[in-house]
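Written out below as structure tokens is the structure these notes cover.
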Amino acid sequence: MVSKLKNINSYFKPILESLSELADKLNVRVYLVGGVVRDLMLGEKIFDLDIVVEADAIDFAHKFADIHKKQFKKHHTFGTATVFFDNHHIDFVTARSEIYSGFGALPRVKPASLKEDLLRRDFTINAMAISLNKSDYGKLLDYYCGEKDLKSGIIRILHDDSFMDDPTRILRAIRFEQRFSFKLEKDTLKLAKKAIGKNAFGLVNPHRLREELILILKEPFPRRYIKRLYELRILSLIDKNIKLNKNDFHIVARIEQAIGFYKASFKRHRQLEEWIIYLMAILHRVESGEAAKFLDTFGFRKGEKIRILSLYGNVDKVKQLNKKVLPHVIYKILNPLSFENIIFFYAYYRGKTIRKRIGIFLDKLISIHLRLKGEDLRRLGFKPPTLYGKLFERLLYAKIDKGFKTFKEEISEAHIIFENCQSKH
Ligand code: CTP
């Protein structure tokens, strides 16, 4: 027997061996399962481990965490727990079968054998296990021809009701199909389309759909994925107001480039939440009230909503950057926006002038700050303090336009502006 674990990296090797030891000591069957088995067989990097225990997984996980003095967390879901190893999660689950009571509803579960546990899963390539017990350590258990499908590059469901039982699997199918450049098997595609036609998405908790949509948008270079969602009419079924057109795909392509430009040129700025920018491309032509409804229904977070919705009020403002404007106007327009918004607009507007100005803002203007503080103004006898807010704003704009550097220059400019403010007051 060729061990499927012989190429496991040096970080996970001792962890798996320790799991093996504990399994034999407690006399329980323990397996590595699901996506991690798929990724190991594809030679992909692995991050987290999924472990199925043919006994009480919580008890097993607890003992394992104690041995390694690692953090342990029991979940509310039937028989599941996580042990945290540095940045890696090890998820433990009791082998279980699932009974679906209604289409799209969450299933009832009961303890079962590994074979039954694998049968409840989404695709053949995700339904393989590797034994961790010493007697057959590293042996592949492949009841549903996952290895064959993996070699032929096929995404295949395990039974005809799979997509109706859990319609989020349609989104997962597309994610794996595009990630690995696989194909949906003929009947699997037919059943996906049939489920879509039966309004399967309308039966699922929108929050679960949101999570899957975000996972798709978080994949590297999600353009192909978005195109596939469009081909299958999935986006407009998730929300009837989403109607992508050819130009939107050009925007998505330019977002990929714009993100590349940001990452290469502005390493000192914070990391982008790239998926939000792609969601902006999907939603930007939806009327703002409808977009707000969509974001609420699907339970997006407040910060995500604010960034996405601020697109609508700023399309025309950012367009002004095409005209001849002073540097402080560039600052005034772009500074209130998130980096995600700015990169969206960089992709949305192809004009050289707008792009150049966004570049200037991110490179220089964004880091211009005043040295002068309120206490300096008080000390210098500026009165009344109610004018300080206006003064600081004008002083910053003057600094941006004139490019002065010293504290002294700020003070003399403050005097000029202040006289001006007072005369108008
Ligand atoms: N699974 C399933 N149906 C779902 C979600 C998950 O059958 N709707 C099963 C699959 O066997 C999957 C495993 O649970 O492999 C773990 O799920 P998850 O961690 O979401 O996906 P991975 O397959 O590990 O893929 P990745 O982490 O690479 O996205």
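Ordering of the structure tokens sets the chain letters (A, B, ...); residue numbers start at 1 within each chain; ligands are numbered from 1 in the order shown.
For ligand 1, the neighbouring polymer residues at 7 Å or closer are A:Gly34, A:Gly35, A:Val36, A:Arg120, A:Arg121, A:Asp122, A:Phe123, A:Asn126, A:Ala127, A:Asp166, A:Thr168, A:Arg169, only C-alpha atoms and all ligand atoms being used.
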Would you export the selected residues with all heavy atoms as a short mmCIF file (atom, residue, chain, number, x, y, z; two decimals), in the first residue's frame, please?
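Output file result.cif follows:
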data_model
loop_
_atom_site.label_atom_id
_atom_site.label_comp_id
_atom_site.auth_asym_id
_atom_site.auth_seq_id
_atom_site.Cartn_x
_atom_site.Cartn_y
_atom_site.Cartn_z
N GLY A 34 -12.09 14.94 3.47
CA GLY A 34 -12.61 16.12 2.78
C GLY A 34 -11.57 16.86 1.96
O GLY A 34 -10.67 16.27 1.35
N GLY A 35 -11.70 18.20 1.98
CA GLY A 35 -10.88 19.05 1.12
C GLY A 35 -9.38 18.86 1.32
O GLY A 35 -8.60 18.97 0.38
N VAL A 36 -8.98 18.55 2.55
CA VAL A 36 -7.55 18.41 2.81
C VAL A 36 -6.98 17.17 2.10
O VAL A 36 -5.85 17.20 1.58
CB VAL A 36 -7.26 18.41 4.34
CG1 VAL A 36 -7.93 17.28 5.05
CG2 VAL A 36 -5.78 18.37 4.61
N ARG A 120 -22.59 11.84 2.74
CA ARG A 120 -23.37 13.06 2.96
C ARG A 120 -22.68 14.29 2.37
O ARG A 120 -23.18 15.40 2.41
CB ARG A 120 -23.59 13.30 4.46
CG ARG A 120 -22.33 13.79 5.16
CD ARG A 120 -22.51 14.11 6.61
NE ARG A 120 -21.24 14.28 7.29
CZ ARG A 120 -20.56 15.42 7.37
NH1 ARG A 120 -21.00 16.49 6.79
NH2 ARG A 120 -19.41 15.46 8.02
N ARG A 121 -21.49 14.10 1.81
CA ARG A 121 -20.70 15.26 1.39
C ARG A 121 -21.03 15.74 -0.01
O ARG A 121 -21.82 15.13 -0.71
CB ARG A 121 -19.21 14.93 1.55
CG ARG A 121 -18.86 14.84 3.02
CD ARG A 121 -17.51 14.27 3.29
NE ARG A 121 -17.35 14.13 4.72
CZ ARG A 121 -16.78 15.03 5.50
NH1 ARG A 121 -16.28 16.13 5.00
NH2 ARG A 121 -16.69 14.82 6.81
N ASP A 122 -20.41 16.86 -0.39
CA ASP A 122 -20.84 17.51 -1.64
C ASP A 122 -20.40 16.81 -2.92
O ASP A 122 -21.23 16.46 -3.76
CB ASP A 122 -20.43 19.00 -1.65
CG ASP A 122 -18.97 19.24 -1.31
OD1 ASP A 122 -18.22 18.25 -1.12
OD2 ASP A 122 -18.56 20.42 -1.24
N PHE A 123 -19.10 16.60 -3.10
CA PHE A 123 -18.61 16.07 -4.38
C PHE A 123 -17.68 14.88 -4.14
O PHE A 123 -17.06 14.79 -3.08
CB PHE A 123 -17.85 17.17 -5.15
CG PHE A 123 -18.64 18.44 -5.23
CD1 PHE A 123 -18.21 19.61 -4.61
CD2 PHE A 123 -19.87 18.46 -5.90
CE1 PHE A 123 -18.97 20.77 -4.65
CE2 PHE A 123 -20.63 19.61 -5.95
CZ PHE A 123 -20.19 20.77 -5.32
N ASN A 126 -14.35 15.52 -2.80
CA ASN A 126 -14.30 15.95 -1.39
C ASN A 126 -14.77 14.84 -0.46
O ASN A 126 -15.00 15.08 0.72
CB ASN A 126 -15.20 17.17 -1.17
CG ASN A 126 -14.63 18.42 -1.81
OD1 ASN A 126 -13.45 18.47 -2.12
ND2 ASN A 126 -15.47 19.42 -2.00
N ALA A 127 -14.96 13.65 -1.01
CA ALA A 127 -15.55 12.57 -0.20
C ALA A 127 -14.57 11.40 -0.04
O ALA A 127 -14.95 10.24 -0.08
CB ALA A 127 -16.86 12.10 -0.83
N ASP A 166 -28.83 21.00 -0.42
CA ASP A 166 -27.98 22.11 0.00
C ASP A 166 -27.58 22.93 -1.24
O ASP A 166 -26.54 22.68 -1.86
CB ASP A 166 -26.74 21.56 0.71
CG ASP A 166 -25.82 22.69 1.17
OD1 ASP A 166 -26.13 23.87 0.90
OD2 ASP A 166 -24.79 22.38 1.80
N THR A 168 -26.27 25.70 -1.60
CA THR A 168 -24.98 26.43 -1.58
C THR A 168 -23.91 25.60 -2.30
O THR A 168 -22.89 26.12 -2.72
CB THR A 168 -24.48 26.73 -0.15
OG1 THR A 168 -24.20 25.50 0.51
CG2 THR A 168 -25.48 27.53 0.66
N ARG A 169 -24.19 24.31 -2.46
CA ARG A 169 -23.23 23.45 -3.19
C ARG A 169 -23.09 23.86 -4.65
O ARG A 169 -22.08 23.55 -5.28
CB ARG A 169 -23.67 21.99 -3.09
CG ARG A 169 -23.43 21.42 -1.73
CD ARG A 169 -23.92 20.01 -1.59
NE ARG A 169 -23.53 19.46 -0.29
CZ ARG A 169 -24.04 18.37 0.23
NH1 ARG A 169 -24.96 17.68 -0.43
NH2 ARG A 169 -23.61 17.95 1.41
#
_Neighbour list for Lys408 of chain A as a list in words, cut-off 12 Å, only C-alpha atoms, skip fewer than 6 positions in-chain_ = Leu370, Arg371, Leu372, Asp376, Ala414 and His415 of chain A
*Could you tell me which of A:Cys421, A:Ile354, A:Ala281, A:Ile58 comes closest to Pro385 of chain A if we count only C-alpha atoms?*
A:Cys421
Report as JSON lines the residues of segment 329-361 of chain A within 12 Å of segment 284-295 of chain A, each with its shortest atom pair and distance in Å (one decimal), using only C-alpha atoms, ordered by chain and increasing residue number.
{"residue": "A:Asn341", "atom": "CA", "partner": "A:His284", "partner_atom": "CA", "distance": 11.2}
{"residue": "A:Phe344", "atom": "CA", "partner": "A:His284", "partner_atom": "CA", "distance": 9.9}
{"residue": "A:Phe345", "atom": "CA", "partner": "A:His284", "partner_atom": "CA", "distance": 10.8}
{"residue": "A:Tyr348", "atom": "CA", "partner": "A:His284", "partner_atom": "CA", "distance": 9.9}
*strand (DSSP E) positions in segment 132-256 of chain A, given as a PyMOL selection string*: chain A and resi 140-141+154-155+183-184
Please write the residues from the selection above to a file, keeping N, CA and C atoms, as an mmCIF file, in the first residue's frame.
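Resulting contents of part25.cif:
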data_model
loop_
_atom_site.group_PDB
_atom_site.id
_atom_site.type_symbol
_atom_site.label_atom_id
_atom_site.label_comp_id
_atom_site.auth_asym_id
_atom_site.auth_seq_id
_atom_site.Cartn_x
_atom_site.Cartn_y
_atom_site.Cartn_z
ATOM 1 N N LEU A 140 -5.794 5.221 1.561
ATOM 2 C CA LEU A 140 -6.906 6.008 1.016
ATOM 3 C C LEU A 140 -8.197 5.197 1.070
ATOM 4 N N LEU A 141 -9.270 5.831 1.582
ATOM 5 C CA LEU A 141 -10.591 5.193 1.551
ATOM 6 C C LEU A 141 -11.440 6.001 0.583
ATOM 7 N N ILE A 154 -12.958 16.230 -12.746
ATOM 8 C CA ILE A 154 -14.429 16.274 -12.788
ATOM 9 C C ILE A 154 -15.019 16.589 -11.412
ATOM 10 N N ILE A 155 -16.005 17.474 -11.415
ATOM 11 C CA ILE A 155 -16.776 17.756 -10.195
ATOM 12 C C ILE A 155 -18.082 16.985 -10.322
ATOM 13 N N LYS A 183 -14.134 20.381 -14.762
ATOM 14 C CA LYS A 183 -15.426 20.518 -15.454
ATOM 15 C C LYS A 183 -16.512 19.933 -14.555
ATOM 16 N N LEU A 184 -17.702 20.539 -14.610
ATOM 17 C CA LEU A 184 -18.830 19.913 -13.916
ATOM 18 C C LEU A 184 -19.274 18.716 -14.750
#
*Which parts of segment 55-228 of chain A does DSSP call helix (DSSP H, G or I) when run on the backbone here, written out as JSON, numbers by chain?*
{"A": [57, 58, 59, 60, 61, 62, 63, 64, 65, 66, 67, 68, 114, 115, 116, 117, 118, 119, 124, 125, 126, 134, 135, 136, 146, 147, 148, 149, 150, 151, 152, 162, 163, 164, 165, 168, 169, 170, 171, 172, 173, 174, 175, 176, 177, 178, 179, 186, 187, 188, 189, 190, 191, 192, 193, 194, 195, 196, 197, 200, 201, 202, 203, 206, 207, 208, 209, 210, 211, 212, 213, 214, 215, 216, 217, 218, 223, 224, 225, 226, 227, 228]}
_Residues near segment 9-19 of chain A, cut-off 10 Å, only C-alpha atoms, skip fewer than 4 positions along chain, as a PyMOL selection string_ = chain A and resi 5+23-25+30-32+45-49+51+60-61+64+67-68+85+88+90+132-134+137-138
Would you put the residues from that selection into a file with N, CA, C and O atoms, as a compact mmCIF listing (two decimals), in the first residue's frame?
# COMPACT_ATOMS: atom_id res chain seq x y z
N LEU A 5 0.23 9.71 2.80
CA LEU A 5 0.78 10.75 3.70
C LEU A 5 2.29 10.84 3.63
O LEU A 5 2.90 11.57 4.41
N ALA A 23 -5.34 7.75 18.59
CA ALA A 23 -6.42 6.91 18.05
C ALA A 23 -6.23 5.47 18.49
O ALA A 23 -7.18 4.81 18.93
N ASP A 24 -4.99 4.97 18.39
CA ASP A 24 -4.75 3.57 18.76
C ASP A 24 -4.87 3.37 20.27
O ASP A 24 -5.39 2.36 20.73
N LYS A 25 -4.40 4.38 20.99
CA LYS A 25 -4.48 4.28 22.45
C LYS A 25 -5.94 4.21 22.92
O LYS A 25 -6.28 3.45 23.83
N VAL A 30 -9.85 6.83 13.26
CA VAL A 30 -9.70 8.27 13.01
C VAL A 30 -9.19 8.48 11.58
O VAL A 30 -8.30 7.75 11.13
N TYR A 31 -9.77 9.47 10.89
CA TYR A 31 -9.41 9.69 9.48
C TYR A 31 -9.23 11.18 9.19
O TYR A 31 -9.90 12.03 9.78
N LEU A 32 -8.35 11.41 8.23
CA LEU A 32 -8.26 12.74 7.62
C LEU A 32 -9.28 12.71 6.48
O LEU A 32 -9.33 11.73 5.73
N LYS A 45 -0.94 23.17 -1.33
CA LYS A 45 -0.57 23.47 0.06
C LYS A 45 -1.76 23.20 0.98
O LYS A 45 -2.90 23.44 0.58
N ILE A 46 -1.49 22.73 2.19
CA ILE A 46 -2.61 22.57 3.12
C ILE A 46 -2.42 23.47 4.34
O ILE A 46 -1.28 23.76 4.74
N PHE A 47 -3.55 23.92 4.90
CA PHE A 47 -3.48 24.85 6.03
C PHE A 47 -4.16 24.27 7.27
O PHE A 47 -3.63 24.32 8.36
N ASP A 48 -5.36 23.74 7.06
CA ASP A 48 -6.14 23.22 8.18
C ASP A 48 -6.41 21.73 7.97
O ASP A 48 -6.34 21.25 6.84
N LEU A 49 -6.72 21.06 9.06
CA LEU A 49 -7.00 19.62 8.94
C LEU A 49 -8.45 19.35 9.33
O LEU A 49 -8.96 19.94 10.29
N ILE A 51 -10.73 16.22 10.59
CA ILE A 51 -10.58 14.87 11.12
C ILE A 51 -11.96 14.28 11.43
O ILE A 51 -12.77 14.94 12.10
N PHE A 60 -12.34 13.10 21.91
CA PHE A 60 -11.04 12.84 21.27
C PHE A 60 -10.25 14.16 21.13
O PHE A 60 -9.07 14.23 21.47
N ALA A 61 -10.94 15.19 20.63
CA ALA A 61 -10.27 16.48 20.40
C ALA A 61 -9.76 17.05 21.72
O ALA A 61 -8.65 17.61 21.79
N PHE A 64 -6.67 15.31 22.76
CA PHE A 64 -5.58 15.69 21.86
C PHE A 64 -5.05 17.09 22.24
O PHE A 64 -3.83 17.32 22.29
N ILE A 67 -2.90 16.93 25.39
CA ILE A 67 -1.55 16.38 25.15
C ILE A 67 -0.62 17.49 24.67
O ILE A 67 0.52 17.61 25.10
N HIS A 68 -1.14 18.34 23.75
CA HIS A 68 -0.28 19.36 23.14
C HIS A 68 -0.38 20.73 23.82
O HIS A 68 0.24 21.69 23.37
N PHE A 85 -3.75 25.10 16.47
CA PHE A 85 -2.31 24.88 16.44
C PHE A 85 -1.67 26.08 15.74
O PHE A 85 -1.75 26.20 14.51
N HIS A 88 -3.09 27.33 12.53
CA HIS A 88 -3.84 26.27 11.85
C HIS A 88 -4.97 25.73 12.73
O HIS A 88 -4.81 25.61 13.94
N ILE A 90 -7.48 22.52 13.58
CA ILE A 90 -7.75 21.11 13.35
C ILE A 90 -9.19 20.88 13.79
O ILE A 90 -9.53 21.01 14.97
N LEU A 132 -5.80 7.19 9.70
CA LEU A 132 -4.68 7.61 10.56
C LEU A 132 -4.31 6.54 11.58
O LEU A 132 -3.35 6.70 12.33
N ASN A 133 -5.08 5.43 11.62
CA ASN A 133 -4.74 4.36 12.58
C ASN A 133 -3.47 3.64 12.12
O ASN A 133 -3.21 3.54 10.92
N LYS A 134 -2.72 3.16 13.10
CA LYS A 134 -1.40 2.60 12.77
C LYS A 134 -1.48 1.43 11.79
O LYS A 134 -0.64 1.29 10.91
N TYR A 137 -2.13 3.16 8.38
CA TYR A 137 -1.80 4.59 8.33
C TYR A 137 -1.50 5.02 6.88
O TYR A 137 -0.68 4.40 6.20
N GLY A 138 -2.20 6.04 6.43
CA GLY A 138 -1.94 6.57 5.07
C GLY A 138 -2.76 5.90 3.99
O GLY A 138 -2.64 6.26 2.82
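We find atom CA of Ile234 of chain A and atom CA of Phe180 of chain A to be spaced 20.1 Å apart.
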_When you look at Lys305 of chain A with a cut-off of 9 Å (counting only C-alpha atoms), what residues show up, excluding the ones that are within fewer than 3 positions of it in the same chain? I need them as a ChimeraX atom specification._
/A:292,295-296,300-302,308-310
*Which residues come within 10 Å of segment 399-402 of chain A, counting only C-alpha atoms, excluding same-chain residues fewer than 2 positions away, as a PyMOL selection string?*
chain A and resi 326-331+364-366+368-370+393-397+404-406+409-410+413
*asked:* Taking 5 positions as the minimum chain separation for residues in the same chain, which residues sit within 12 Å of segment 203-215 of chain A when counting only C-alpha atoms? Answer as a PyMOL selection string.
replied: chain A and resi 102-106+163-176+179+195-196+198+220+222+225-226+229+234-235+237-239+273-279+282+294-301+304
*Compare A:Pro107, A:Lys332, A:Thr124, A:Ser131 by their minimum atom-to-atom distance to Val53 of chain A, counting only C-alpha atoms, and give me the closest one.*
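Distance minimum relative to Val53 of chain A lands on A:Ser131.
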